[in-house]
$ cat upload_30.txt   # compact mmCIF, N, CA and C atoms
# COMPACT_ATOMS: atom_id res chain seq x y z
N MET G 779 92.17 -16.57 -43.42
CA MET G 779 90.86 -15.99 -43.22
C MET G 779 89.84 -17.09 -43.00
N LYS G 780 88.75 -16.73 -42.34
CA LYS G 780 87.64 -17.65 -42.16
C LYS G 780 86.35 -16.86 -42.12
N ILE G 781 85.25 -17.50 -42.44
CA ILE G 781 83.95 -16.85 -42.34
C ILE G 781 83.55 -16.88 -40.87
N ASP G 782 83.27 -15.71 -40.31
CA ASP G 782 82.87 -15.61 -38.91
C ASP G 782 81.39 -15.92 -38.74
N HIS G 783 80.55 -15.31 -39.58
CA HIS G 783 79.12 -15.61 -39.52
C HIS G 783 78.45 -15.28 -40.84
N VAL G 784 77.28 -15.87 -41.00
CA VAL G 784 76.42 -15.63 -42.15
C VAL G 784 75.09 -15.17 -41.59
N ALA G 785 74.45 -14.19 -42.24
CA ALA G 785 73.21 -13.64 -41.73
C ALA G 785 72.04 -14.01 -42.62
N LEU G 786 70.88 -14.15 -42.00
CA LEU G 786 69.66 -14.54 -42.69
C LEU G 786 68.51 -13.69 -42.17
N TYR G 787 67.86 -12.95 -43.07
CA TYR G 787 66.63 -12.26 -42.70
C TYR G 787 65.48 -13.26 -42.70
N CYS G 788 64.57 -13.11 -41.75
CA CYS G 788 63.39 -13.96 -41.71
C CYS G 788 62.19 -13.15 -41.23
N VAL G 789 61.02 -13.66 -41.52
CA VAL G 789 59.79 -13.00 -41.10
C VAL G 789 59.47 -13.35 -39.66
N ASP G 790 59.51 -14.64 -39.32
CA ASP G 790 59.19 -15.11 -37.97
C ASP G 790 60.48 -15.51 -37.27
N LEU G 791 61.07 -14.56 -36.58
CA LEU G 791 62.37 -14.75 -35.93
C LEU G 791 62.33 -15.89 -34.91
N GLU G 792 61.29 -15.96 -34.12
CA GLU G 792 61.21 -16.99 -33.08
C GLU G 792 61.07 -18.39 -33.67
N ALA G 793 60.29 -18.54 -34.74
CA ALA G 793 60.15 -19.85 -35.38
C ALA G 793 61.49 -20.30 -35.95
N MET G 794 62.23 -19.37 -36.55
CA MET G 794 63.54 -19.71 -37.11
C MET G 794 64.51 -20.11 -35.99
N ARG G 795 64.53 -19.32 -34.91
CA ARG G 795 65.39 -19.64 -33.77
C ARG G 795 65.04 -21.02 -33.21
N ASN G 796 63.76 -21.26 -33.00
CA ASN G 796 63.33 -22.54 -32.43
C ASN G 796 63.73 -23.72 -33.30
N PHE G 797 63.65 -23.57 -34.60
CA PHE G 797 64.04 -24.66 -35.50
C PHE G 797 65.50 -25.05 -35.28
N PHE G 798 66.38 -24.08 -35.30
CA PHE G 798 67.81 -24.39 -35.17
C PHE G 798 68.18 -24.84 -33.76
N VAL G 799 67.54 -24.30 -32.76
CA VAL G 799 67.83 -24.69 -31.37
C VAL G 799 67.27 -26.08 -31.08
N GLN G 800 66.01 -26.31 -31.41
CA GLN G 800 65.36 -27.57 -31.08
C GLN G 800 65.85 -28.75 -31.90
N HIS G 801 66.08 -28.53 -33.19
CA HIS G 801 66.39 -29.66 -34.07
C HIS G 801 67.87 -29.84 -34.35
N LEU G 802 68.66 -28.77 -34.24
CA LEU G 802 70.07 -28.86 -34.61
C LEU G 802 71.01 -28.43 -33.48
N ASN G 803 70.46 -28.36 -32.28
CA ASN G 803 71.25 -28.11 -31.06
C ASN G 803 72.07 -26.82 -31.10
N ALA G 804 71.60 -25.83 -31.82
CA ALA G 804 72.30 -24.55 -31.82
C ALA G 804 72.14 -23.89 -30.45
N VAL G 805 73.16 -23.16 -30.06
CA VAL G 805 73.12 -22.37 -28.83
C VAL G 805 72.87 -20.93 -29.24
N CYS G 806 71.90 -20.32 -28.60
CA CYS G 806 71.45 -19.00 -29.00
C CYS G 806 71.81 -17.96 -27.93
N ASN G 807 72.28 -16.80 -28.39
CA ASN G 807 72.54 -15.72 -27.44
C ASN G 807 71.23 -15.00 -27.13
N HIS G 808 71.32 -13.95 -26.31
CA HIS G 808 70.14 -13.14 -26.00
C HIS G 808 69.76 -12.30 -27.20
N GLU G 809 68.48 -12.06 -27.34
CA GLU G 809 68.00 -11.27 -28.47
C GLU G 809 68.55 -9.85 -28.40
N TYR G 810 69.01 -9.39 -29.55
CA TYR G 810 69.39 -7.98 -29.71
C TYR G 810 68.19 -7.27 -30.31
N HIS G 811 67.86 -6.10 -29.78
CA HIS G 811 66.75 -5.33 -30.33
C HIS G 811 67.18 -3.87 -30.44
N ASN G 812 67.02 -3.32 -31.63
CA ASN G 812 67.27 -1.89 -31.86
C ASN G 812 65.90 -1.23 -32.02
N PRO G 813 65.42 -0.53 -30.98
CA PRO G 813 64.09 0.06 -31.05
C PRO G 813 63.95 1.14 -32.13
N ARG G 814 65.05 1.76 -32.52
CA ARG G 814 65.00 2.80 -33.55
C ARG G 814 64.67 2.21 -34.91
N THR G 815 65.30 1.08 -35.26
CA THR G 815 65.10 0.47 -36.58
C THR G 815 64.11 -0.69 -36.57
N GLY G 816 63.84 -1.23 -35.39
CA GLY G 816 62.98 -2.40 -35.29
C GLY G 816 63.72 -3.71 -35.51
N LEU G 817 65.03 -3.64 -35.75
CA LEU G 817 65.83 -4.86 -35.95
C LEU G 817 65.84 -5.71 -34.69
N ARG G 818 65.61 -6.98 -34.88
CA ARG G 818 65.75 -7.98 -33.82
C ARG G 818 66.68 -9.05 -34.38
N ALA G 819 67.58 -9.57 -33.54
CA ALA G 819 68.55 -10.54 -34.05
C ALA G 819 69.02 -11.48 -32.96
N TYR G 820 69.41 -12.68 -33.39
CA TYR G 820 70.06 -13.67 -32.55
C TYR G 820 71.29 -14.18 -33.29
N PHE G 821 72.32 -14.56 -32.54
CA PHE G 821 73.43 -15.32 -33.08
C PHE G 821 73.28 -16.76 -32.62
N LEU G 822 73.41 -17.69 -33.56
CA LEU G 822 73.33 -19.11 -33.26
C LEU G 822 74.71 -19.73 -33.45
N GLN G 823 75.15 -20.44 -32.44
CA GLN G 823 76.45 -21.10 -32.46
C GLN G 823 76.22 -22.61 -32.51
N PHE G 824 76.94 -23.29 -33.37
CA PHE G 824 76.81 -24.73 -33.48
C PHE G 824 77.94 -25.42 -32.74
N GLN G 825 77.83 -26.73 -32.56
CA GLN G 825 78.73 -27.48 -31.69
C GLN G 825 80.20 -27.34 -32.03
N ASP G 826 80.54 -27.18 -33.29
CA ASP G 826 81.95 -27.14 -33.66
C ASP G 826 82.62 -25.81 -33.31
N GLY G 827 81.83 -24.81 -32.95
CA GLY G 827 82.39 -23.52 -32.57
C GLY G 827 82.87 -22.70 -33.75
N GLY G 828 82.57 -23.09 -34.97
CA GLY G 828 83.03 -22.37 -36.15
C GLY G 828 82.09 -21.23 -36.52
N CYS G 829 81.77 -21.18 -37.77
CA CYS G 829 80.92 -20.12 -38.32
C CYS G 829 79.58 -20.07 -37.60
N GLN G 830 79.15 -18.86 -37.27
CA GLN G 830 77.86 -18.66 -36.62
C GLN G 830 76.81 -18.28 -37.65
N LEU G 831 75.55 -18.46 -37.29
CA LEU G 831 74.43 -18.02 -38.10
C LEU G 831 73.72 -16.90 -37.35
N GLU G 832 73.63 -15.74 -37.99
CA GLU G 832 72.88 -14.64 -37.42
C GLU G 832 71.51 -14.62 -38.09
N ILE G 833 70.46 -14.69 -37.30
CA ILE G 833 69.11 -14.58 -37.85
C ILE G 833 68.55 -13.23 -37.41
N MET G 834 67.90 -12.55 -38.36
CA MET G 834 67.46 -11.17 -38.12
C MET G 834 66.06 -10.97 -38.68
N SER G 835 65.36 -10.03 -38.06
CA SER G 835 64.06 -9.64 -38.56
C SER G 835 63.88 -8.14 -38.36
N ARG G 836 63.18 -7.54 -39.29
CA ARG G 836 62.82 -6.11 -39.22
C ARG G 836 61.40 -5.99 -39.74
N PRO G 837 60.71 -4.92 -39.38
CA PRO G 837 59.34 -4.75 -39.86
C PRO G 837 59.24 -4.74 -41.40
N GLU G 838 60.28 -4.30 -42.09
CA GLU G 838 60.23 -4.21 -43.56
C GLU G 838 60.42 -5.54 -44.27
N VAL G 839 60.88 -6.57 -43.55
CA VAL G 839 61.19 -7.85 -44.18
C VAL G 839 59.89 -8.56 -44.56
N ALA G 840 59.81 -8.99 -45.80
CA ALA G 840 58.66 -9.73 -46.30
C ALA G 840 59.17 -11.02 -46.93
N GLU G 841 58.32 -12.01 -46.98
CA GLU G 841 58.73 -13.28 -47.59
C GLU G 841 59.08 -13.04 -49.05
N ALA G 842 60.26 -13.52 -49.45
CA ALA G 842 60.75 -13.24 -50.80
C ALA G 842 61.05 -14.50 -51.60
N HIS G 843 61.08 -15.65 -50.94
CA HIS G 843 61.45 -16.87 -51.66
C HIS G 843 60.35 -17.31 -52.59
N ASN G 844 60.72 -17.51 -53.84
CA ASN G 844 59.77 -17.99 -54.84
C ASN G 844 60.00 -19.45 -55.17
N GLY G 845 61.14 -19.96 -54.79
CA GLY G 845 61.44 -21.35 -55.11
C GLY G 845 62.88 -21.68 -54.79
N LEU G 846 63.26 -22.91 -55.08
CA LEU G 846 64.59 -23.39 -54.75
C LEU G 846 65.67 -22.82 -55.66
N PHE G 847 65.29 -22.13 -56.71
CA PHE G 847 66.29 -21.65 -57.66
C PHE G 847 66.36 -20.13 -57.70
N ASP G 848 66.05 -19.48 -56.56
CA ASP G 848 66.23 -18.04 -56.46
C ASP G 848 67.72 -17.72 -56.51
N SER G 849 68.07 -16.51 -56.93
CA SER G 849 69.47 -16.12 -56.91
C SER G 849 69.88 -15.80 -55.48
N GLY G 850 71.18 -15.73 -55.24
CA GLY G 850 71.69 -15.43 -53.90
C GLY G 850 72.00 -16.70 -53.13
N PHE G 851 72.31 -16.53 -51.85
CA PHE G 851 72.59 -17.71 -51.01
C PHE G 851 71.36 -18.60 -51.00
N ILE G 852 71.56 -19.91 -51.18
CA ILE G 852 70.41 -20.79 -51.37
C ILE G 852 70.24 -21.80 -50.24
N HIS G 853 71.28 -22.16 -49.52
CA HIS G 853 71.09 -23.10 -48.42
C HIS G 853 72.19 -22.96 -47.38
N ILE G 854 71.92 -23.58 -46.24
CA ILE G 854 72.94 -23.72 -45.21
C ILE G 854 73.18 -25.21 -45.06
N CYS G 855 74.45 -25.60 -44.95
CA CYS G 855 74.81 -27.00 -44.79
C CYS G 855 75.42 -27.19 -43.42
N ILE G 856 74.89 -28.16 -42.69
CA ILE G 856 75.39 -28.44 -41.34
C ILE G 856 75.93 -29.86 -41.32
N SER G 857 77.20 -29.99 -40.97
CA SER G 857 77.82 -31.29 -40.83
C SER G 857 77.51 -31.83 -39.45
N VAL G 858 76.88 -33.01 -39.41
CA VAL G 858 76.43 -33.56 -38.13
C VAL G 858 77.27 -34.74 -37.64
N GLY G 859 78.27 -35.15 -38.41
CA GLY G 859 79.25 -36.11 -37.91
C GLY G 859 79.17 -37.53 -38.41
N SER G 860 77.97 -38.03 -38.72
CA SER G 860 77.87 -39.42 -39.15
C SER G 860 76.60 -39.63 -39.97
N ARG G 861 76.60 -40.71 -40.74
CA ARG G 861 75.40 -41.06 -41.51
C ARG G 861 74.23 -41.31 -40.57
N GLU G 862 74.51 -41.96 -39.44
CA GLU G 862 73.45 -42.26 -38.49
C GLU G 862 72.80 -40.98 -37.96
N GLN G 863 73.61 -39.95 -37.74
CA GLN G 863 73.07 -38.66 -37.28
C GLN G 863 72.27 -37.98 -38.38
N VAL G 864 72.74 -38.06 -39.63
CA VAL G 864 71.96 -37.51 -40.74
C VAL G 864 70.59 -38.17 -40.77
N ASP G 865 70.58 -39.51 -40.68
CA ASP G 865 69.31 -40.25 -40.72
C ASP G 865 68.42 -39.88 -39.55
N ALA G 866 68.97 -39.87 -38.34
CA ALA G 866 68.18 -39.59 -37.14
C ALA G 866 67.60 -38.18 -37.16
N LEU G 867 68.42 -37.20 -37.51
CA LEU G 867 67.94 -35.82 -37.54
C LEU G 867 66.91 -35.62 -38.65
N THR G 868 67.14 -36.24 -39.79
CA THR G 868 66.17 -36.14 -40.88
C THR G 868 64.82 -36.68 -40.43
N ASN G 869 64.84 -37.82 -39.79
CA ASN G 869 63.59 -38.43 -39.32
C ASN G 869 62.91 -37.58 -38.26
N SER G 870 63.66 -37.06 -37.31
CA SER G 870 63.03 -36.28 -36.23
C SER G 870 62.51 -34.95 -36.74
N ILE G 871 63.23 -34.31 -37.66
CA ILE G 871 62.77 -33.04 -38.21
C ILE G 871 61.53 -33.27 -39.07
N HIS G 872 61.51 -34.36 -39.83
CA HIS G 872 60.33 -34.69 -40.63
C HIS G 872 59.14 -34.97 -39.72
N ALA G 873 59.36 -35.69 -38.63
CA ALA G 873 58.28 -35.98 -37.68
C ALA G 873 57.72 -34.71 -37.05
N ALA G 874 58.54 -33.66 -36.99
CA ALA G 874 58.09 -32.37 -36.45
C ALA G 874 57.31 -31.56 -37.48
N GLY G 875 57.15 -32.10 -38.69
CA GLY G 875 56.30 -31.47 -39.68
C GLY G 875 57.01 -30.73 -40.79
N PHE G 876 58.33 -30.87 -40.88
CA PHE G 876 59.07 -30.19 -41.95
C PHE G 876 59.24 -31.12 -43.13
N GLU G 877 59.22 -30.54 -44.34
CA GLU G 877 59.30 -31.31 -45.58
C GLU G 877 60.72 -31.73 -45.88
N ILE G 878 60.89 -32.99 -46.24
CA ILE G 878 62.19 -33.49 -46.69
C ILE G 878 62.23 -33.27 -48.20
N GLN G 879 63.21 -32.49 -48.64
CA GLN G 879 63.36 -32.19 -50.06
C GLN G 879 64.03 -33.34 -50.80
N SER G 880 65.05 -33.95 -50.15
CA SER G 880 65.73 -35.10 -50.76
C SER G 880 66.51 -35.86 -49.68
N GLY G 881 66.78 -37.11 -49.97
CA GLY G 881 67.62 -37.93 -49.11
C GLY G 881 66.90 -38.51 -47.92
N PRO G 882 67.72 -39.06 -47.04
CA PRO G 882 69.18 -39.15 -47.10
C PRO G 882 69.64 -39.99 -48.29
N ARG G 883 70.77 -39.56 -48.84
CA ARG G 883 71.29 -40.20 -50.04
C ARG G 883 72.76 -39.85 -50.22
N ILE G 884 73.41 -40.58 -51.11
CA ILE G 884 74.76 -40.22 -51.53
C ILE G 884 74.62 -39.39 -52.79
N THR G 885 75.17 -38.19 -52.77
CA THR G 885 75.06 -37.29 -53.91
C THR G 885 76.05 -37.70 -55.00
N GLY G 886 75.92 -37.10 -56.16
CA GLY G 886 76.81 -37.39 -57.28
C GLY G 886 78.25 -37.05 -56.98
N ASP G 887 78.48 -36.09 -56.07
CA ASP G 887 79.87 -35.75 -55.71
C ASP G 887 80.32 -36.43 -54.43
N GLY G 888 79.56 -37.45 -53.97
CA GLY G 888 80.03 -38.32 -52.90
C GLY G 888 79.63 -37.95 -51.49
N TYR G 889 78.83 -36.91 -51.30
CA TYR G 889 78.38 -36.55 -49.96
C TYR G 889 77.19 -37.40 -49.55
N TYR G 890 77.10 -37.72 -48.27
CA TYR G 890 75.89 -38.32 -47.72
C TYR G 890 75.10 -37.19 -47.09
N GLU G 891 73.90 -36.94 -47.61
CA GLU G 891 73.16 -35.77 -47.14
C GLU G 891 71.66 -35.97 -47.25
N SER G 892 70.96 -35.13 -46.54
CA SER G 892 69.53 -34.94 -46.75
C SER G 892 69.29 -33.44 -46.80
N CYS G 893 68.22 -33.05 -47.47
CA CYS G 893 67.86 -31.64 -47.60
C CYS G 893 66.45 -31.45 -47.06
N ILE G 894 66.33 -30.49 -46.15
CA ILE G 894 65.08 -30.24 -45.45
C ILE G 894 64.66 -28.81 -45.71
N LEU G 895 63.35 -28.60 -45.93
CA LEU G 895 62.82 -27.25 -46.03
C LEU G 895 62.43 -26.82 -44.62
N GLY G 896 63.20 -25.89 -44.07
CA GLY G 896 62.95 -25.37 -42.74
C GLY G 896 61.93 -24.26 -42.77
N PRO G 897 61.83 -23.52 -41.69
CA PRO G 897 60.89 -22.40 -41.64
C PRO G 897 61.13 -21.44 -42.80
N GLU G 898 60.04 -20.93 -43.34
CA GLU G 898 60.07 -19.94 -44.43
C GLU G 898 60.78 -20.44 -45.67
N GLY G 899 60.84 -21.77 -45.83
CA GLY G 899 61.43 -22.35 -47.03
C GLY G 899 62.95 -22.36 -47.06
N VAL G 900 63.60 -22.09 -45.93
CA VAL G 900 65.05 -22.12 -45.88
C VAL G 900 65.52 -23.57 -46.06
N LEU G 901 66.37 -23.78 -47.05
CA LEU G 901 66.88 -25.13 -47.33
C LEU G 901 68.05 -25.42 -46.41
N VAL G 902 67.94 -26.51 -45.65
CA VAL G 902 68.99 -26.94 -44.72
C VAL G 902 69.49 -28.29 -45.17
N GLU G 903 70.77 -28.37 -45.50
CA GLU G 903 71.40 -29.65 -45.83
C GLU G 903 72.04 -30.20 -44.57
N LEU G 904 71.82 -31.48 -44.33
CA LEU G 904 72.51 -32.19 -43.26
C LEU G 904 73.47 -33.16 -43.92
N THR G 905 74.72 -33.14 -43.51
CA THR G 905 75.72 -34.00 -44.12
C THR G 905 76.66 -34.53 -43.05
N VAL G 906 77.49 -35.49 -43.46
CA VAL G 906 78.46 -36.11 -42.53
C VAL G 906 79.58 -35.14 -42.25
$ encode --input "upload_30.txt" --output "structure tokens"
Amino acid sequence: MKIDHVALYCVDLEAMRNFFVQHLNAVCNHEYHNPRTGLRAYFLQFQDGGCQLEIMSRPEVAEAHNGLFDSGFIHICISVGSREQVDALTNSIHAAGFEIQSGPRITGDGYYESCILGPEGVLVELTV
């Protein structure tokens, strides 16, 4: 078995899509829109061709994050291939105005990573 995709509700669908496309080279499909429910969604595919990220928005979705220790799924981790890529992406995403939560650094369990607060407070880990 493998995970095919993970879904994320967001308030600003286009800002979320732009973050992953512009900064992490995700490839995005055409927007799906269900006029009956108001659901709008994109699937984002990353370079390795593995698990996809589905981002979705509906009129009922409201910002719910209160902090980094909310229950439920808490972050997405993207392996970028090298320490140099972690450093370069961290710097470019920070230059675009996003907050660096930590790193780049070697974690206690041996990963080289940085953690970035993306749109709507979504925590994105970049690792080797």
$ select_by_dssp --input "upload_30.txt" --residues "chain G" --states "strand (DSSP E)" --output "ChimeraX atom specification"
/G:783-787,805-806,810-812,817-823,830-835,853-857,877-884,890-895,901-905
$ closest_residue --input "upload_30.txt" --among "G:Ile854, G:Met794, G:Val799, G:Leu867" --to "Pro897 in chain G" --atoms "only N, CA and C atoms"
G:Met794
$ atom_distance --input "upload_30.txt" --atom1 "CA of Phe851 in chain G" --atom2 "atom C of Gln830 in chain G"
14.0 Å
$ atom_distance --input "upload_30.txt" --atom1 "CA of Leu901 in chain G" --atom2 "CA of Arg836 in chain G"
21.1 Å
$ select_by_dssp --input "upload_30.txt" --residues "range 789-843 of chain G" --states "alpha helix (DSSP H)" --output "list of chain:residue names"
G:Leu791, G:Glu792, G:Ala793, G:Met794, G:Arg795, G:Asn796, G:Phe797, G:Phe798, G:Val799, G:Gln800, G:His801, G:Leu802
$ residues_around --input "upload_30.txt" --residues "His853 in chain G" --least-positions-apart "5" --cutoff "10 Å" --atoms "only C-alpha atoms" --output "list in words"
Leu846, Cys893, Ile894, Leu895, Gly899, Val900, Leu901, Val902 and Glu903 of chain G
$ axis_aligned_box --input "upload_30.txt" --around "range 855-873 of chain G" --padding-each-side "3 Å" --output "JSON"
{"center_x": 68.5, "center_y": -33.9, "center_z": -40.6, "size_x": 27.5, "size_y": 22.7, "size_z": 14.7}
$ atom_distance --input "upload_30.txt" --atom1 "CA of Asp790 in chain G" --atom2 "atom C of Gly828 in chain G"
23.7 Å
$ residues_around --input "upload_30.txt" --residues "Asp865 in chain G" --least-positions-apart "5" --cutoff "6.5 Å" --atoms "all atoms listed in the file" --output "list in words"
Ser860, Ser870 and Pro882 of chain G
$ closest_residue --input "upload_30.txt" --among "G:Ser857, G:Gln879, G:Gln823, G:Gln863" --to "Asn807 in chain G" --atoms "all atoms listed in the file"
G:Gln823
$ residues_around --input "upload_30.txt" --residues "Glu841 in chain G" --least-positions-apart "2" --cutoff "8 Å" --atoms "only C-alpha atoms" --output "short mmCIF file (atom, residue, chain, number, x, y, z; two decimals) with N, CA and C atoms, in the coordinates of the input"
data_model
loop_
_atom_site.label_atom_id
_atom_site.label_comp_id
_atom_site.auth_asym_id
_atom_site.auth_seq_id
_atom_site.Cartn_x
_atom_site.Cartn_y
_atom_site.Cartn_z
N CYS G 788 64.57 -13.11 -41.75
CA CYS G 788 63.39 -13.96 -41.71
C CYS G 788 62.19 -13.15 -41.23
N VAL G 789 61.02 -13.66 -41.52
CA VAL G 789 59.79 -13.00 -41.10
C VAL G 789 59.47 -13.35 -39.66
N VAL G 839 60.88 -6.57 -43.55
CA VAL G 839 61.19 -7.85 -44.18
C VAL G 839 59.89 -8.56 -44.56
N HIS G 843 61.08 -15.65 -50.94
CA HIS G 843 61.45 -16.87 -51.66
C HIS G 843 60.35 -17.31 -52.59
N GLU G 898 60.04 -20.93 -43.34
CA GLU G 898 60.07 -19.94 -44.43
C GLU G 898 60.78 -20.44 -45.67
#
